[in-house]
Amino acid sequence: MNKIYFRNDYSEIACPEIIENIAKYSQGHFVGYGEDEICESAREKIKKYLGDVNCDIHFLVGGTQANTVMIDAMLKPWEAVASVVSGHINVHEAGSIESTGHRIEPLPEHDGKMDPEELEKLCIVHEMEHMTDVRGVYISQATEVGTIYSKEELLKIREVCDKYGLYLFVDGARMGSGVIASGVTLREMAQIADCFYIGATKNGGMIGEAMVIVNDDLKPCYRRLMKQHGALLAKGFILGIQFDTLFTDDLFFRLARHENELALYLKEGMKKLGVRLLCDSVTNQQFPIFENSIIGKLSEKYQFEVWEPGDQETVIRFVCSWATKKEDVDQLLSDVRNLIK
């Protein structure tokens, strides 16, 4: 039996519109390394959502590459980046930041988010020259547990960054979901962050992240650093086709809205059944808590990720994607209802 898939939001190859356009261009010939006309068209379409901001846009294959290259660009050898302990760079990227000679300075997480007061205390402590100099701040929108930063919360972190001369970098692997849930637009993000990226891999794309660099200090030689890290794709036009498609007729946001709506529908259904949740996620990831015996039975029919295992209870993660069907969510809720009777 084929299991119903709630494991992640990148298990499908790509949305049909992208597949169709890649097929359409398959016999064409294009300049490499993102210097083709399709990539340029994609950049211009993205810039329409960013407003009156002077930015560079680069296309990278995945989030780990995007994070590693940008943080390496931000920091001198003695400088560090602040991240909450649950941040993707601190947990799920196999020491990629450390491999470039930079340190991650961890901060407590509050439903996945960074507290600006704790960030300021970290900066004060690290003013001593025998310690790393905190120069970068890494946050995610949406966070690892599906929560989001409001505009007000982002501005408070921005204030600390301005006070201590820090770069603010926003991981946007799930930026589409984050925009729909938070109401913080790409235009506003471009006004707040020094750099951020827009993820396609987890929002209907085959592969690809679009790095938006707003701060002029980070723009020079960025492509050289991409090349050094193996992140400058020869067939860059494959990435361009995807972003050009996603930013036509609001497709990027329509896909994100679909996954968020189904995830919230799933959350409300779980709450009505009395299922506890790890946190109040408002995006496409939901984290219910079940007795271990129930999890074993659910795994017979569904694909999901074990998030926090425990002796008696375990937190698991259900993720909705652009391709998730409402009938699959209804089936899951029905099965949960029968299991917890």
# chains A, B, ... in the order shown; residues from 1 in each chain; ligands from 1
>>> residues_around(residues="A:Lys219", least_positions_apart="5", cutoff="10 Å", atoms="only C-alpha atoms", output="list in words")
Cys55, Asp56, Ile57, Ala73, Cys195, Val212, Ile213 and Val214 of chain A
>>> write_last_selection(atoms="N, CA and C atoms", output="PDB file, in the first residue's frame")
ATOM      1  N   CYS A  55      18.771  45.889  -5.204  1.00  0.00           N
ATOM      2  CA  CYS A  55      19.227  44.595  -4.701  1.00  0.00           C
ATOM      3  C   CYS A  55      19.824  43.754  -5.819  1.00  0.00           C
ATOM      4  N   ASP A  56      20.647  42.798  -5.408  1.00  0.00           N
ATOM      5  CA  ASP A  56      21.134  41.759  -6.321  1.00  0.00           C
ATOM      6  C   ASP A  56      20.373  40.479  -6.012  1.00  0.00           C
ATOM      7  N   ILE A  57      20.104  39.687  -7.044  1.00  0.00           N
ATOM      8  CA  ILE A  57      19.420  38.409  -6.861  1.00  0.00           C
ATOM      9  C   ILE A  57      20.249  37.310  -7.512  1.00  0.00           C
ATOM     10  N   ALA A  73      30.068  35.064   3.424  1.00  0.00           N
ATOM     11  CA  ALA A  73      30.231  36.413   2.858  1.00  0.00           C
ATOM     12  C   ALA A  73      30.113  37.491   3.938  1.00  0.00           C
ATOM     13  N   CYS A 195      19.835  40.739   3.895  1.00  0.00           N
ATOM     14  CA  CYS A 195      19.790  39.706   2.871  1.00  0.00           C
ATOM     15  C   CYS A 195      18.808  38.629   3.308  1.00  0.00           C
ATOM     16  N   VAL A 212      18.362  37.249  -2.149  1.00  0.00           N
ATOM     17  CA  VAL A 212      18.171  38.691  -2.344  1.00  0.00           C
ATOM     18  C   VAL A 212      19.155  39.424  -1.440  1.00  0.00           C
ATOM     19  N   ILE A 213      20.067  40.169  -2.037  1.00  0.00           N
ATOM     20  CA  ILE A 213      21.074  40.910  -1.267  1.00  0.00           C
ATOM     21  C   ILE A 213      20.760  42.397  -1.372  1.00  0.00           C
ATOM     22  N   VAL A 214      20.409  42.990  -0.239  1.00  0.00           N
ATOM     23  CA  VAL A 214      20.034  44.404  -0.199  1.00  0.00           C
ATOM     24  C   VAL A 214      21.226  45.268   0.215  1.00  0.00           C
TER      25      VAL A 214
END
>>> select_by_dssp(residues="stretch 77-317 of chain A", states="strand (DSSP E or B)", output="PDB file with N, CA and C atoms, in the first residue's frame")
ATOM      1  N   GLU A  79      34.785  36.478  13.290  1.00  0.00           N
ATOM      2  CA  GLU A  79      33.404  36.871  13.539  1.00  0.00           C
ATOM      3  C   GLU A  79      32.472  35.664  13.574  1.00  0.00           C
ATOM      4  N   ALA A  80      31.333  35.838  14.259  1.00  0.00           N
ATOM      5  CA  ALA A  80      30.381  34.746  14.465  1.00  0.00           C
ATOM      6  C   ALA A  80      28.980  35.190  14.065  1.00  0.00           C
ATOM      7  N   VAL A  81      28.109  34.200  13.918  1.00  0.00           N
ATOM      8  CA  VAL A  81      26.707  34.462  13.605  1.00  0.00           C
ATOM      9  C   VAL A  81      25.854  33.952  14.765  1.00  0.00           C
ATOM     10  N   ALA A  82      24.872  34.739  15.163  1.00  0.00           N
ATOM     11  CA  ALA A  82      23.947  34.343  16.222  1.00  0.00           C
ATOM     12  C   ALA A  82      22.765  33.610  15.609  1.00  0.00           C
ATOM     13  N   SER A  83      22.367  32.529  16.264  1.00  0.00           N
ATOM     14  CA  SER A  83      21.220  31.738  15.828  1.00  0.00           C
ATOM     15  C   SER A  83      20.564  31.133  17.053  1.00  0.00           C
ATOM     16  N   VAL A  84      19.264  30.927  17.003  1.00  0.00           N
ATOM     17  CA  VAL A  84      18.640  30.177  18.092  1.00  0.00           C
ATOM     18  C   VAL A  84      19.108  28.723  18.009  1.00  0.00           C
ATOM     19  N   ARG A 103      31.995  30.516  13.676  1.00  0.00           N
ATOM     20  CA  ARG A 103      31.314  29.940  14.833  1.00  0.00           C
ATOM     21  C   ARG A 103      29.859  30.403  14.864  1.00  0.00           C
ATOM     22  N   ILE A 104      28.990  29.512  15.286  1.00  0.00           N
ATOM     23  CA  ILE A 104      27.599  29.867  15.567  1.00  0.00           C
ATOM     24  C   ILE A 104      27.475  30.104  17.067  1.00  0.00           C
ATOM     25  N   GLU A 105      26.971  31.271  17.441  1.00  0.00           N
ATOM     26  CA  GLU A 105      26.720  31.566  18.851  1.00  0.00           C
ATOM     27  C   GLU A 105      25.234  31.329  19.117  1.00  0.00           C
ATOM     28  N   PRO A 106      24.905  30.246  19.850  1.00  0.00           N
ATOM     29  CA  PRO A 106      23.499  29.879  20.025  1.00  0.00           C
ATOM     30  C   PRO A 106      22.791  30.697  21.093  1.00  0.00           C
ATOM     31  N   LEU A 107      21.524  30.982  20.833  1.00  0.00           N
ATOM     32  CA  LEU A 107      20.653  31.656  21.788  1.00  0.00           C
ATOM     33  C   LEU A 107      19.440  30.774  22.067  1.00  0.00           C
ATOM     34  N   HIS A 110      12.380  30.618  21.531  1.00  0.00           N
ATOM     35  CA  HIS A 110      11.071  30.826  22.127  1.00  0.00           C
ATOM     36  C   HIS A 110      10.034  30.535  21.058  1.00  0.00           C
ATOM     37  N   LYS A 113      11.718  31.163  17.909  1.00  0.00           N
ATOM     38  CA  LYS A 113      12.112  32.530  17.567  1.00  0.00           C
ATOM     39  C   LYS A 113      13.198  33.079  18.500  1.00  0.00           C
ATOM     40  N   ASP A 133      33.554  37.962  17.668  1.00  0.00           N
ATOM     41  CA  ASP A 133      32.809  39.207  17.478  1.00  0.00           C
ATOM     42  C   ASP A 133      31.525  38.857  16.730  1.00  0.00           C
ATOM     43  N   VAL A 134      30.385  38.982  17.404  1.00  0.00           N
ATOM     44  CA  VAL A 134      29.111  38.659  16.761  1.00  0.00           C
ATOM     45  C   VAL A 134      28.821  39.713  15.703  1.00  0.00           C
ATOM     46  N   ARG A 135      28.739  39.268  14.463  1.00  0.00           N
ATOM     47  CA  ARG A 135      28.578  40.199  13.343  1.00  0.00           C
ATOM     48  C   ARG A 135      27.326  39.911  12.518  1.00  0.00           C
ATOM     49  N   GLY A 136      26.852  38.662  12.592  1.00  0.00           N
ATOM     50  CA  GLY A 136      25.679  38.293  11.817  1.00  0.00           C
ATOM     51  C   GLY A 136      24.572  37.730  12.688  1.00  0.00           C
ATOM     52  N   VAL A 137      23.347  37.876  12.227  1.00  0.00           N
ATOM     53  CA  VAL A 137      22.179  37.308  12.889  1.00  0.00           C
ATOM     54  C   VAL A 137      21.432  36.468  11.864  1.00  0.00           C
ATOM     55  N   TYR A 138      21.166  35.223  12.227  1.00  0.00           N
ATOM     56  CA  TYR A 138      20.456  34.294  11.354  1.00  0.00           C
ATOM     57  C   TYR A 138      19.119  33.931  11.986  1.00  0.00           C
ATOM     58  N   ILE A 139      18.034  34.209  11.270  1.00  0.00           N
ATOM     59  CA  ILE A 139      16.698  33.782  11.692  1.00  0.00           C
ATOM     60  C   ILE A 139      15.993  33.176  10.478  1.00  0.00           C
ATOM     61  N   SER A 140      14.889  32.490  10.730  1.00  0.00           N
ATOM     62  CA  SER A 140      14.132  31.870   9.643  1.00  0.00           C
ATOM     63  C   SER A 140      12.701  32.374   9.653  1.00  0.00           C
ATOM     64  N   TYR A 167      24.739  42.271  10.587  1.00  0.00           N
ATOM     65  CA  TYR A 167      23.965  41.925   9.394  1.00  0.00           C
ATOM     66  C   TYR A 167      22.783  41.050   9.814  1.00  0.00           C
ATOM     67  N   LEU A 168      21.607  41.315   9.269  1.00  0.00           N
ATOM     68  CA  LEU A 168      20.440  40.476   9.509  1.00  0.00           C
ATOM     69  C   LEU A 168      20.153  39.651   8.267  1.00  0.00           C
ATOM     70  N   PHE A 169      20.254  38.330   8.429  1.00  0.00           N
ATOM     71  CA  PHE A 169      20.058  37.379   7.334  1.00  0.00           C
ATOM     72  C   PHE A 169      18.858  36.496   7.663  1.00  0.00           C
ATOM     73  N   VAL A 170      17.912  36.426   6.740  1.00  0.00           N
ATOM     74  CA  VAL A 170      16.693  35.647   6.948  1.00  0.00           C
ATOM     75  C   VAL A 170      16.669  34.444   6.011  1.00  0.00           C
ATOM     76  N   ASP A 171      16.655  33.269   6.608  1.00  0.00           N
ATOM     77  CA  ASP A 171      16.502  32.012   5.880  1.00  0.00           C
ATOM     78  C   ASP A 171      15.055  31.926   5.414  1.00  0.00           C
ATOM     79  N   CYS A 195      19.835  40.739   3.895  1.00  0.00           N
ATOM     80  CA  CYS A 195      19.790  39.706   2.871  1.00  0.00           C
ATOM     81  C   CYS A 195      18.808  38.629   3.308  1.00  0.00           C
ATOM     82  N   PHE A 196      18.172  38.003   2.357  1.00  0.00           N
ATOM     83  CA  PHE A 196      17.251  36.907   2.635  1.00  0.00           C
ATOM     84  C   PHE A 196      17.074  36.117   1.358  1.00  0.00           C
ATOM     85  N   TYR A 197      16.537  34.912   1.501  1.00  0.00           N
ATOM     86  CA  TYR A 197      16.265  34.185   0.268  1.00  0.00           C
ATOM     87  C   TYR A 197      14.835  33.675   0.218  1.00  0.00           C
ATOM     88  N   ILE A 198      14.423  33.416  -1.009  1.00  0.00           N
ATOM     89  CA  ILE A 198      13.062  32.983  -1.313  1.00  0.00           C
ATOM     90  C   ILE A 198      13.157  31.548  -1.795  1.00  0.00           C
ATOM     91  N   GLY A 199      12.573  30.633  -1.031  1.00  0.00           N
ATOM     92  CA  GLY A 199      12.735  29.218  -1.328  1.00  0.00           C
ATOM     93  C   GLY A 199      11.716  28.679  -2.313  1.00  0.00           C
ATOM     94  N   GLU A 209      16.752  28.301  -4.653  1.00  0.00           N
ATOM     95  CA  GLU A 209      16.531  29.392  -3.708  1.00  0.00           C
ATOM     96  C   GLU A 209      17.026  30.682  -4.368  1.00  0.00           C
ATOM     97  N   ALA A 210      16.271  31.738  -4.229  1.00  0.00           N
ATOM     98  CA  ALA A 210      16.649  33.032  -4.807  1.00  0.00           C
ATOM     99  C   ALA A 210      17.169  33.935  -3.698  1.00  0.00           C
ATOM    100  N   MET A 211      18.485  34.170  -3.679  1.00  0.00           N
ATOM    101  CA  MET A 211      19.103  35.013  -2.661  1.00  0.00           C
ATOM    102  C   MET A 211      18.949  36.482  -3.046  1.00  0.00           C
ATOM    103  N   VAL A 212      18.362  37.249  -2.149  1.00  0.00           N
ATOM    104  CA  VAL A 212      18.171  38.691  -2.344  1.00  0.00           C
ATOM    105  C   VAL A 212      19.155  39.424  -1.440  1.00  0.00           C
ATOM    106  N   ILE A 213      20.067  40.169  -2.037  1.00  0.00           N
ATOM    107  CA  ILE A 213      21.074  40.910  -1.267  1.00  0.00           C
ATOM    108  C   ILE A 213      20.760  42.397  -1.372  1.00  0.00           C
ATOM    109  N   ARG A 276      -2.884  17.325  21.644  1.00  0.00           N
ATOM    110  CA  ARG A 276      -2.009  18.438  22.001  1.00  0.00           C
ATOM    111  C   ARG A 276      -0.986  18.696  20.900  1.00  0.00           C
ATOM    112  N   LEU A 277      -0.551  19.953  20.806  1.00  0.00           N
ATOM    113  CA  LEU A 277       0.422  20.362  19.798  1.00  0.00           C
ATOM    114  C   LEU A 277       1.643  20.963  20.469  1.00  0.00           C
ATOM    115  N   GLN A 285       3.638  23.464   8.642  1.00  0.00           N
ATOM    116  CA  GLN A 285       4.128  22.383   9.489  1.00  0.00           C
ATOM    117  C   GLN A 285       3.322  22.333  10.784  1.00  0.00           C
ATOM    118  N   GLN A 286       2.904  21.132  11.169  1.00  0.00           N
ATOM    119  CA  GLN A 286       2.165  20.961  12.416  1.00  0.00           C
ATOM    120  C   GLN A 286       2.808  19.843  13.224  1.00  0.00           C
ATOM    121  N   PRO A 288       1.878  17.538  16.236  1.00  0.00           N
ATOM    122  CA  PRO A 288       1.036  16.911  17.261  1.00  0.00           C
ATOM    123  C   PRO A 288       1.835  15.983  18.175  1.00  0.00           C
ATOM    124  N   ILE A 289       1.294  15.746  19.357  1.00  0.00           N
ATOM    125  CA  ILE A 289       1.928  14.886  20.349  1.00  0.00           C
ATOM    126  C   ILE A 289       1.013  13.679  20.594  1.00  0.00           C
ATOM    127  N   PHE A 290       1.562  12.472  20.397  1.00  0.00           N
ATOM    128  CA  PHE A 290       0.771  11.251  20.555  1.00  0.00           C
ATOM    129  C   PHE A 290       1.486  10.263  21.472  1.00  0.00           C
ATOM    130  N   GLU A 291       0.690   9.366  22.056  1.00  0.00           N
ATOM    131  CA  GLU A 291       1.280   8.220  22.734  1.00  0.00           C
ATOM    132  C   GLU A 291       2.017   7.371  21.699  1.00  0.00           C
ATOM    133  N   TYR A 302       0.777   6.254   7.055  1.00  0.00           N
ATOM    134  CA  TYR A 302       1.210   7.617   6.741  1.00  0.00           C
ATOM    135  C   TYR A 302       2.719   7.759   6.858  1.00  0.00           C
ATOM    136  N   GLN A 303       3.263   8.629   6.010  1.00  0.00           N
ATOM    137  CA  GLN A 303       4.661   9.044   6.108  1.00  0.00           C
ATOM    138  C   GLN A 303       4.704  10.368   6.854  1.00  0.00           C
ATOM    139  N   GLU A 305       7.446  12.665   9.984  1.00  0.00           N
ATOM    140  CA  GLU A 305       8.757  12.695  10.633  1.00  0.00           C
ATOM    141  C   GLU A 305       8.608  12.679  12.146  1.00  0.00           C
ATOM    142  N   VAL A 306       9.398  11.854  12.796  1.00  0.00           N
ATOM    143  CA  VAL A 306       9.469  11.879  14.255  1.00  0.00           C
ATOM    144  C   VAL A 306      10.326  13.074  14.659  1.00  0.00           C
ATOM    145  N   TRP A 307       9.758  13.981  15.452  1.00  0.00           N
ATOM    146  CA  TRP A 307      10.435  15.234  15.770  1.00  0.00           C
ATOM    147  C   TRP A 307      11.134  15.187  17.128  1.00  0.00           C
ATOM    148  N   GLU A 308      10.396  14.794  18.159  1.00  0.00           N
ATOM    149  CA  GLU A 308      10.974  14.700  19.507  1.00  0.00           C
ATOM    150  C   GLU A 308      10.507  13.394  20.136  1.00  0.00           C
ATOM    151  N   GLU A 313       5.437   9.481  25.177  1.00  0.00           N
ATOM    152  CA  GLU A 313       4.829  10.283  24.111  1.00  0.00           C
ATOM    153  C   GLU A 313       5.912  10.802  23.167  1.00  0.00           C
ATOM    154  N   THR A 314       5.500  11.089  21.956  1.00  0.00           N
ATOM    155  CA  THR A 314       6.450  11.575  20.958  1.00  0.00           C
ATOM    156  C   THR A 314       5.802  12.689  20.135  1.00  0.00           C
ATOM    157  N   VAL A 315       6.603  13.702  19.837  1.00  0.00           N
ATOM    158  CA  VAL A 315       6.164  14.765  18.927  1.00  0.00           C
ATOM    159  C   VAL A 315       6.495  14.326  17.505  1.00  0.00           C
ATOM    160  N   ILE A 316       5.512  14.378  16.626  1.00  0.00           N
ATOM    161  CA  ILE A 316       5.763  14.087  15.219  1.00  0.00           C
ATOM    162  C   ILE A 316       5.419  15.317  14.391  1.00  0.00           C
ATOM    163  N   ARG A 317       5.866  15.310  13.152  1.00  0.00           N
ATOM    164  CA  ARG A 317       5.618  16.460  12.273  1.00  0.00           C
ATOM    165  C   ARG A 317       4.834  16.023  11.051  1.00  0.00           C
TER     166      ARG A 317
END
>>> atom_distance(atom1="atom CA of A:Asp328", atom2="atom CA of A:Ser182")
25.8 Å
>>> select_by_dssp(residues="stretch 144-332 of chain A", states="alpha helix (DSSP H)", output="count of residues only")
83
>>> closest_residue(among="A:Ala193, A:Leu246, A:Leu332, A:Ile294", to="A:Phe6", atoms="only C-alpha atoms")
A:Leu332
>>> decode(residues="stretch 228-277 of chain A", atoms="C-alpha atoms", output="PDB file, in the first residue's frame")
ATOM      1  CA  GLN A 228      34.259  28.652  -4.458  1.00  0.00           C
ATOM      2  CA  HIS A 229      31.542  26.842  -2.529  1.00  0.00           C
ATOM      3  CA  GLY A 230      30.351  24.869  -5.554  1.00  0.00           C
ATOM      4  CA  ALA A 231      27.081  26.798  -5.540  1.00  0.00           C
ATOM      5  CA  LEU A 232      27.264  28.445  -8.964  1.00  0.00           C
ATOM      6  CA  LEU A 233      25.242  26.098 -11.159  1.00  0.00           C
ATOM      7  CA  ALA A 234      26.436  25.796 -14.764  1.00  0.00           C
ATOM      8  CA  LYS A 235      22.869  25.193 -15.943  1.00  0.00           C
ATOM      9  CA  GLY A 236      21.589  28.171 -14.026  1.00  0.00           C
ATOM     10  CA  PHE A 237      18.744  28.581 -16.477  1.00  0.00           C
ATOM     11  CA  ILE A 238      17.055  25.545 -14.875  1.00  0.00           C
ATOM     12  CA  LEU A 239      16.689  27.636 -11.724  1.00  0.00           C
ATOM     13  CA  GLY A 240      15.643  30.664 -13.742  1.00  0.00           C
ATOM     14  CA  ILE A 241      12.818  28.777 -15.447  1.00  0.00           C
ATOM     15  CA  GLN A 242      11.408  27.769 -12.078  1.00  0.00           C
ATOM     16  CA  PHE A 243      11.450  31.230 -10.523  1.00  0.00           C
ATOM     17  CA  ASP A 244      10.193  32.831 -13.711  1.00  0.00           C
ATOM     18  CA  THR A 245       7.249  30.427 -13.553  1.00  0.00           C
ATOM     19  CA  LEU A 246       6.599  30.821  -9.826  1.00  0.00           C
ATOM     20  CA  PHE A 247       6.544  34.610 -10.032  1.00  0.00           C
ATOM     21  CA  THR A 248       4.076  34.682 -12.907  1.00  0.00           C
ATOM     22  CA  ASP A 249       0.422  35.229 -11.958  1.00  0.00           C
ATOM     23  CA  ASP A 250       1.179  34.931  -8.206  1.00  0.00           C
ATOM     24  CA  LEU A 251       1.759  31.170  -8.529  1.00  0.00           C
ATOM     25  CA  PHE A 252       4.355  31.205  -5.729  1.00  0.00           C
ATOM     26  CA  PHE A 253       1.861  32.683  -3.276  1.00  0.00           C
ATOM     27  CA  ARG A 254      -1.084  30.599  -4.458  1.00  0.00           C
ATOM     28  CA  LEU A 255       0.874  27.410  -3.773  1.00  0.00           C
ATOM     29  CA  ALA A 256       1.914  28.693  -0.330  1.00  0.00           C
ATOM     30  CA  ARG A 257      -1.652  29.659   0.530  1.00  0.00           C
ATOM     31  CA  HIS A 258      -2.887  26.173  -0.378  1.00  0.00           C
ATOM     32  CA  GLU A 259      -0.381  24.396   1.880  1.00  0.00           C
ATOM     33  CA  ASN A 260      -1.025  26.781   4.766  1.00  0.00           C
ATOM     34  CA  GLU A 261      -4.798  26.438   4.518  1.00  0.00           C
ATOM     35  CA  LEU A 262      -4.656  22.655   4.618  1.00  0.00           C
ATOM     36  CA  ALA A 263      -2.161  22.655   7.493  1.00  0.00           C
ATOM     37  CA  LEU A 264      -4.399  24.976   9.523  1.00  0.00           C
ATOM     38  CA  TYR A 265      -7.373  22.776   8.675  1.00  0.00           C
ATOM     39  CA  LEU A 266      -5.350  19.830   9.972  1.00  0.00           C
ATOM     40  CA  LYS A 267      -4.407  21.740  13.137  1.00  0.00           C
ATOM     41  CA  GLU A 268      -7.986  22.703  13.934  1.00  0.00           C
ATOM     42  CA  GLY A 269      -9.104  19.132  13.333  1.00  0.00           C
ATOM     43  CA  MET A 270      -6.452  17.829  15.722  1.00  0.00           C
ATOM     44  CA  LYS A 271      -7.436  20.357  18.392  1.00  0.00           C
ATOM     45  CA  LYS A 272     -11.096  19.351  18.131  1.00  0.00           C
ATOM     46  CA  LEU A 273     -10.017  15.749  18.760  1.00  0.00           C
ATOM     47  CA  GLY A 274      -8.170  16.857  21.881  1.00  0.00           C
ATOM     48  CA  VAL A 275      -4.699  16.264  20.432  1.00  0.00           C
ATOM     49  CA  ARG A 276      -2.009  18.438  22.001  1.00  0.00           C
ATOM     50  CA  LEU A 277       0.422  20.362  19.798  1.00  0.00           C
TER      51      LEU A 277
END
